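Asker: Structure file final-v7.tsv (TSV, C-alpha atoms and all ligand atoms) right here:
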```tsv
chain	number	residue	atom	x	y	z
P	1	VAL	CA	6.28	56.73	-74.16
P	2	ASP	CA	6.80	59.82	-76.31
P	3	GLU	CA	8.54	59.41	-79.63
P	4	VAL	CA	11.87	61.19	-79.57
P	5	VAL	CA	13.39	63.51	-82.17
P	6	VAL	CA	17.17	63.76	-81.89
P	7	VAL	CA	18.62	66.97	-83.27
P	8	ASP	CA	22.20	68.19	-83.60
P	9	LEU	CA	23.16	71.76	-82.70
P	10	ASP	CA	26.24	73.07	-84.57
P	11	GLY	CA	25.62	73.18	-88.30
P	12	THR	CA	22.03	72.02	-87.79
P	13	LEU	CA	20.08	74.37	-85.48
P	14	ALA	CA	22.92	76.91	-85.23
P	15	ASP	CA	25.01	78.29	-88.08
P	16	ASN	CA	28.53	77.97	-86.67
P	17	ARG	CA	30.37	78.78	-89.89
P	18	HIS	CA	31.57	82.20	-88.68
P	19	ARG	CA	33.76	80.55	-85.99
P	20	LEU	CA	35.00	77.45	-87.83
P	21	SER	CA	38.25	79.21	-88.84
P	22	HIS	CA	39.43	78.85	-85.21
P	23	ILE	CA	39.55	75.06	-85.48
P	24	GLU	CA	40.47	74.53	-89.11
P	25	ASN	CA	44.24	74.73	-88.61
P	26	GLU	CA	46.38	72.22	-86.83
P	27	ASP	CA	46.61	74.59	-83.87
P	28	LYS	CA	42.98	74.33	-82.83
P	29	GLN	CA	41.74	77.23	-80.76
P	30	TRP	CA	38.81	75.59	-79.04
P	31	GLY	CA	38.49	78.38	-76.49
P	32	LYS	CA	37.94	81.01	-79.17
P	33	TYR	CA	35.69	78.72	-81.16
P	34	LEU	CA	33.46	78.09	-78.14
P	35	SER	CA	33.50	81.66	-76.86
P	36	LYS	CA	31.50	82.79	-79.91
P	37	VAL	CA	28.53	80.41	-79.75
P	38	GLN	CA	26.17	83.24	-78.83
P	39	LYS	CA	26.85	84.86	-82.22
P	40	ASP	CA	25.61	81.89	-84.26
P	41	LYS	CA	22.74	82.68	-86.59
P	42	PRO	CA	19.67	80.48	-86.11
P	43	VAL	CA	18.86	78.05	-88.94
P	44	GLN	CA	15.18	78.98	-89.20
P	45	GLU	CA	14.20	76.15	-91.53
P	46	VAL	CA	15.38	73.54	-89.02
P	47	ILE	CA	14.09	75.41	-85.95
P	48	SER	CA	10.60	75.66	-87.47
P	49	LYS	CA	10.60	71.95	-88.26
P	50	ILE	CA	11.70	71.10	-84.71
P	51	ASN	CA	9.15	73.43	-83.16
P	52	ASP	CA	6.39	71.78	-85.22
P	53	LEU	CA	7.57	68.32	-84.18
P	54	SER	CA	7.72	69.40	-80.52
P	55	GLU	CA	3.90	69.48	-80.48
P	56	THR	CA	3.84	65.71	-80.79
P	57	HIS	CA	7.37	64.51	-79.97
P	58	LYS	CA	10.00	64.81	-77.27
P	59	ILE	CA	12.91	66.90	-78.59
P	60	VAL	CA	16.43	65.96	-77.52
P	61	ILE	CA	19.33	68.16	-78.63
P	62	LEU	CA	22.37	65.87	-78.86
P	63	THR	CA	25.58	67.77	-79.51
P	64	MET	CA	29.35	67.40	-79.42
P	65	ARG	CA	29.55	71.00	-78.20
P	66	SER	CA	31.36	71.07	-74.86
P	67	ASP	CA	29.21	71.47	-71.77
P	68	GLN	CA	31.46	74.31	-70.64
P	69	THR	CA	29.24	76.42	-72.94
P	70	GLU	CA	26.00	75.18	-71.38
P	71	GLU	CA	24.95	78.57	-70.04
P	72	ASP	CA	25.62	80.39	-73.34
P	73	THR	CA	23.94	77.58	-75.24
P	74	LEU	CA	20.78	77.69	-73.12
P	75	LYS	CA	20.64	81.48	-73.56
P	76	TRP	CA	20.98	81.10	-77.32
P	77	LEU	CA	18.26	78.43	-77.48
P	78	ARG	CA	15.90	80.63	-75.47
P	79	LYS	CA	16.69	83.73	-77.53
P	80	ASN	CA	15.96	81.85	-80.74
P	81	ASP	CA	12.75	80.21	-79.47
P	82	VAL	CA	13.84	76.62	-79.91
P	83	SER	CA	11.38	74.21	-78.24
P	84	PHE	CA	13.20	71.29	-76.70
P	85	ASP	CA	12.96	68.92	-73.75
P	86	GLU	CA	16.54	67.86	-73.15
P	87	LEU	CA	20.05	69.06	-73.99
P	88	ILE	CA	22.87	66.49	-74.04
P	89	MET	CA	26.36	67.97	-74.41
P	90	LEU	CA	29.86	66.54	-74.52
P	91	PRO	CA	31.36	66.56	-71.01
P	92	GLU	CA	34.31	68.95	-70.73
P	93	GLY	CA	37.65	67.31	-71.47
P	94	HIS	CA	36.30	64.45	-73.60
P	95	TRP	CA	37.98	65.78	-76.75
P	96	ASN	CA	39.04	62.39	-78.07
P	97	VAL	CA	35.57	60.93	-78.40
P	98	LYS	CA	34.37	60.36	-81.95
P	99	ASP	CA	31.08	62.13	-82.66
P	100	CYS	CA	29.15	59.16	-84.06
P	101	GLU	CA	30.30	56.94	-81.18
P	102	PHE	CA	29.28	59.49	-78.54
P	103	LYS	CA	25.90	59.94	-80.21
P	104	GLU	CA	25.35	56.23	-80.64
P	105	ARG	CA	26.03	55.67	-76.94
P	106	LYS	CA	23.55	58.37	-75.93
P	107	LEU	CA	20.99	57.05	-78.40
P	108	LYS	CA	21.09	53.67	-76.66
P	109	ASN	CA	19.79	55.32	-73.46
P	110	MET	CA	16.76	56.78	-75.22
P	111	GLU	CA	13.49	54.89	-75.05
P	112	ASN	CA	11.83	55.62	-78.33
P	113	PRO	CA	13.97	57.60	-80.81
P	114	VAL	CA	12.31	57.87	-84.22
P	115	ILE	CA	13.65	60.89	-86.14
P	116	ALA	CA	17.12	62.49	-86.37
P	117	PHE	CA	18.60	65.66	-87.86
P	118	ASP	CA	22.36	66.14	-88.29
P	119	ASP	CA	24.76	67.93	-90.64
P	120	LYS	CA	27.37	65.15	-90.66
P	121	GLU	CA	26.97	62.21	-93.00
P	122	ARG	CA	28.59	59.72	-90.67
P	123	ASN	CA	26.15	60.64	-87.92
P	124	CYS	CA	23.25	60.36	-90.35
P	125	GLN	CA	24.57	56.97	-91.40
P	126	MET	CA	24.61	55.80	-87.79
P	127	TYR	CA	21.06	57.08	-87.11
P	128	LYS	CA	19.79	55.46	-90.28
P	129	GLU	CA	21.40	52.14	-89.37
P	130	LYS	CA	19.60	52.35	-86.03
P	131	GLY	CA	16.32	52.62	-87.92
P	132	LEU	CA	15.59	56.32	-87.41
P	133	GLU	CA	13.99	58.48	-90.09
P	134	THR	CA	17.06	60.61	-90.79
P	135	TYR	CA	17.54	64.07	-92.28
P	136	LEU	CA	20.83	65.58	-93.41
P	137	VAL	CA	21.13	69.34	-92.93
P	138	GLU	CA	23.23	71.30	-95.41
P	139	LEU	CA	23.56	74.98	-94.58
P	140	LYS	CA	24.91	75.84	-98.02
P	141	ALA	CA	22.02	74.27	-99.88
P	142	GLU	CA	18.94	76.21	-100.85
P	143	GLN	CA	16.76	73.47	-99.42
P	144	LYS	CA	18.60	72.80	-96.19
P	145	ILE	CA	16.84	69.64	-95.00
P	146	LYS	CA	17.17	66.47	-97.05
P	147	LYS	CA	15.94	62.95	-96.34
P	148	TYR	CA	19.05	60.82	-95.86
P	201	MG	MG	26.88	69.31	-86.34
```
Show how you would write the structure in this file as structure tokens.

Answerer:
Amino acid sequence: VDEVVVVDLDGTLADNRHRLSHIENEDKQWGKYLSKVQKDKPVQEVISKINDLSETHKIVILTMRSDQTEEDTLKWLRKNDVSFDELIMLPEGHWNVKDCEFKERKLKNMENPVIAFDDKERNCQMYKEKGLETYLVELKAEQKIKKY
């Protein structure tokens, strides 16, 4: 069985900072936030790492991004030459799910997950507790990928 690399999308492969203002206030404008996914800049450092790992590992993109953006997301991934085997998105309408719980549940269905990349500490914590080699991605940092 192939070893699996689990990688997050927003804030990890894709720089979503330009659209975060739509969901920072109490009145969250999810529609606007999601309508701009195509304009995300690629995070080259992470994409290169994932593309290297894809030579020897199965790549699963595991994201809380709603699956109503699946078409735009697939276009973006193709445009930015991201090598991956599977894309797991949050089903539309499941807004109340906590990210680390959703990801933990999906992780349980994977056969041999060994490495994870995510920009949220609590997700990294969960992956680490499950025994994965875990990397925290920080877009603001000069060196964006750090062992967690
Ligand atoms: Mg993220």

Asker: Taking only C-alpha atoms and all ligand atoms into account, report as JSON, numbers by chain which residues have an atom no farther than 10 Å from an atom of ligand MG 201 (chain P).

Answerer: {"P": [7, 8, 9, 10, 11, 12, 13, 14, 15, 16, 62, 63, 64, 65, 99, 117, 118, 119, 120, 121, 123, 137, 138]}

Asker: Atom CA of P:Val4 and atom CA of P:Met110 are how many Å apart?

Answerer: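 It comes out at 7.9 Å.
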
Asker: May I ask which of the residues P:Arg105, P:Lys41, P:Lys36, P:Lys49 is the closest one to P:Ile145, counting all atoms listed in the file?

Answerer: P:Lys49

Asker: Which residues, written as a count of residues only, have at least one atom at most 12 Å from P:Glu111, with only C-alpha atoms counted and residues fewer than 4 positions away on the same chain left out?

Answerer: 10

Asker: Just checking: using only C-alpha atoms, which residue out of P:Leu53, P:Ile47, P:Ile23, P:Met126 ends up closest to P:Lys144?

Answerer: P:Ile47

Asker: Which one is closest to P:Ser54: P:Gln68, P:Gln38, P:Ser21, P:Ser83? Count all atoms listed in the file.

Answerer: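 Selected residue with least distance to P:Ser54: P:Ser83.
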
Asker: In Å, how far is it from atom CA of P:Ile59 to atom CA of P:Asp85?

Answerer: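 A separation of 5.2 Å between them.
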
Asker: State, in Å with one decimal place, the distance from atom CA of P:Leu139 to atom CA of P:Asn109.

Answerer: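 So the two atoms, atom CA of P:Leu139 and atom CA of P:Asn109, lie 29.1 Å apart.
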
Asker: Using only C-alpha atoms, collect all residues at a distance of at most 7 Å from (11.3, 79.1, -83.1) as written in the file, then present them as an mmCIF file with C-alpha atoms, keeping the file's coordinate frame.

Answerer:
```cif
data_model
loop_
_atom_site.group_PDB
_atom_site.id
_atom_site.type_symbol
_atom_site.label_atom_id
_atom_site.label_comp_id
_atom_site.auth_asym_id
_atom_site.auth_seq_id
_atom_site.Cartn_x
_atom_site.Cartn_y
_atom_site.Cartn_z
ATOM 1 C CA ILE P 47 14.090 75.410 -85.950
ATOM 2 C CA SER P 48 10.600 75.660 -87.470
ATOM 3 C CA ASN P 51 9.150 73.430 -83.160
ATOM 4 C CA ASN P 80 15.960 81.850 -80.740
ATOM 5 C CA ASP P 81 12.750 80.210 -79.470
ATOM 6 C CA VAL P 82 13.840 76.620 -79.910
ATOM 7 C CA SER P 83 11.380 74.210 -78.240
#
```

Asker: Given all atoms listed in the file as the basis, pick out the residue of P:Leu34, P:Met89, P:Val43, P:Val114 nearest to P:Lys140.

Answerer: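 Of all the options, P:Val43 lies closest to P:Lys140.
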
Asker: Check the smallest atom-to-atom distance from each of P:Ala141, P:Ile50, P:Leu77, P:Cys100 to P:Ile115 using only C-alpha atoms, then report the winner.

Answerer: P:Ile50

Asker: Pick from P:Gln29, P:Gln44, P:Asn112, P:Thr69: nearest to P:Lys130, with only C-alpha atoms counted?

Answerer: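 Among P:Gln29, P:Gln44, P:Asn112, P:Thr69, it is P:Asn112 that comes nearest to P:Lys130.
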
Asker: Where atoms are missing, can you supply N, CA, C and O atoms for stretch 93-119 of chain P and output the lot as a short mmCIF file (atom, residue, chain, number, x, y, z; two decimals), keeping the file's coordinate frame?

Answerer:
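As a result, selection_24.cif now contains:
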```
data_model
loop_
_atom_site.label_atom_id
_atom_site.label_comp_id
_atom_site.auth_asym_id
_atom_site.auth_seq_id
_atom_site.Cartn_x
_atom_site.Cartn_y
_atom_site.Cartn_z
N GLY P 93 36.44 68.13 -71.53
CA GLY P 93 37.65 67.31 -71.47
C GLY P 93 37.60 66.03 -72.29
O GLY P 93 38.61 65.37 -72.48
N HIS P 94 36.43 65.69 -72.81
CA HIS P 94 36.30 64.45 -73.60
C HIS P 94 36.59 64.69 -75.08
O HIS P 94 35.83 64.28 -75.95
N TRP P 95 37.71 65.35 -75.37
CA TRP P 95 37.98 65.78 -76.75
C TRP P 95 38.20 64.61 -77.69
O TRP P 95 38.01 64.73 -78.88
N ASN P 96 38.65 63.48 -77.17
CA ASN P 96 39.04 62.39 -78.07
C ASN P 96 37.91 61.48 -78.49
O ASN P 96 38.13 60.53 -79.22
N VAL P 97 36.71 61.77 -78.04
CA VAL P 97 35.57 60.93 -78.40
C VAL P 97 35.15 61.22 -79.84
O VAL P 97 35.12 62.37 -80.25
N LYS P 98 34.85 60.18 -80.58
CA LYS P 98 34.37 60.36 -81.95
C LYS P 98 32.88 60.69 -81.91
O LYS P 98 32.13 60.07 -81.16
N ASP P 99 32.47 61.65 -82.74
CA ASP P 99 31.08 62.13 -82.66
C ASP P 99 30.03 61.02 -82.81
O ASP P 99 29.12 60.90 -81.99
N CYS P 100 30.20 60.17 -83.85
CA CYS P 100 29.15 59.16 -84.06
C CYS P 100 29.12 58.12 -82.93
O CYS P 100 28.07 57.58 -82.62
N GLU P 101 30.27 57.89 -82.30
CA GLU P 101 30.30 56.94 -81.18
C GLU P 101 29.62 57.52 -79.94
O GLU P 101 28.87 56.86 -79.24
N PHE P 102 29.92 58.79 -79.66
CA PHE P 102 29.28 59.49 -78.54
C PHE P 102 27.76 59.50 -78.74
O PHE P 102 26.98 59.14 -77.84
N LYS P 103 27.34 59.85 -79.94
CA LYS P 103 25.90 59.94 -80.21
C LYS P 103 25.22 58.57 -80.17
O LYS P 103 24.11 58.45 -79.68
N GLU P 104 25.92 57.57 -80.67
CA GLU P 104 25.35 56.23 -80.64
C GLU P 104 25.15 55.75 -79.20
O GLU P 104 24.13 55.15 -78.86
N ARG P 105 26.13 56.07 -78.35
CA ARG P 105 26.03 55.67 -76.94
C ARG P 105 24.84 56.35 -76.27
O ARG P 105 24.09 55.74 -75.51
N LYS P 106 24.66 57.64 -76.54
CA LYS P 106 23.55 58.37 -75.93
C LYS P 106 22.20 57.89 -76.48
O LYS P 106 21.21 57.84 -75.77
N LEU P 107 22.22 57.53 -77.77
CA LEU P 107 20.99 57.05 -78.40
C LEU P 107 20.49 55.76 -77.73
O LEU P 107 19.29 55.54 -77.59
N LYS P 108 21.44 54.94 -77.31
CA LYS P 108 21.09 53.67 -76.66
C LYS P 108 20.29 53.89 -75.38
O LYS P 108 19.51 53.03 -74.97
N ASN P 109 20.50 55.03 -74.71
CA ASN P 109 19.79 55.32 -73.46
C ASN P 109 18.40 55.91 -73.69
O ASN P 109 17.66 56.15 -72.74
N MET P 110 18.07 56.17 -74.95
CA MET P 110 16.76 56.78 -75.22
C MET P 110 15.74 55.68 -75.46
O MET P 110 16.03 54.66 -76.07
N GLU P 111 14.50 55.94 -74.98
CA GLU P 111 13.49 54.89 -75.05
C GLU P 111 12.87 54.69 -76.41
O GLU P 111 12.63 53.58 -76.83
N ASN P 112 12.60 55.78 -77.09
CA ASN P 112 11.83 55.62 -78.33
C ASN P 112 12.25 56.64 -79.40
O ASN P 112 11.43 57.43 -79.86
N PRO P 113 13.53 56.61 -79.81
CA PRO P 113 13.97 57.60 -80.81
C PRO P 113 13.47 57.22 -82.20
O PRO P 113 13.60 56.07 -82.61
N VAL P 114 12.90 58.19 -82.92
CA VAL P 114 12.31 57.87 -84.22
C VAL P 114 12.81 58.75 -85.38
O VAL P 114 12.81 58.33 -86.53
N ILE P 115 13.22 59.97 -85.07
CA ILE P 115 13.65 60.89 -86.14
C ILE P 115 14.95 61.56 -85.71
O ILE P 115 15.14 61.85 -84.52
N ALA P 116 15.87 61.80 -86.68
CA ALA P 116 17.12 62.49 -86.37
C ALA P 116 17.46 63.53 -87.43
O ALA P 116 17.15 63.34 -88.61
N PHE P 117 18.08 64.62 -86.97
CA PHE P 117 18.60 65.66 -87.86
C PHE P 117 20.07 65.89 -87.51
O PHE P 117 20.39 66.09 -86.34
N ASP P 118 20.95 65.89 -88.53
CA ASP P 118 22.36 66.14 -88.29
C ASP P 118 23.00 66.64 -89.58
O ASP P 118 22.53 66.33 -90.67
N ASP P 119 24.09 67.42 -89.44
CA ASP P 119 24.76 67.93 -90.64
C ASP P 119 25.96 67.07 -91.04
O ASP P 119 26.64 67.39 -92.00
#
```
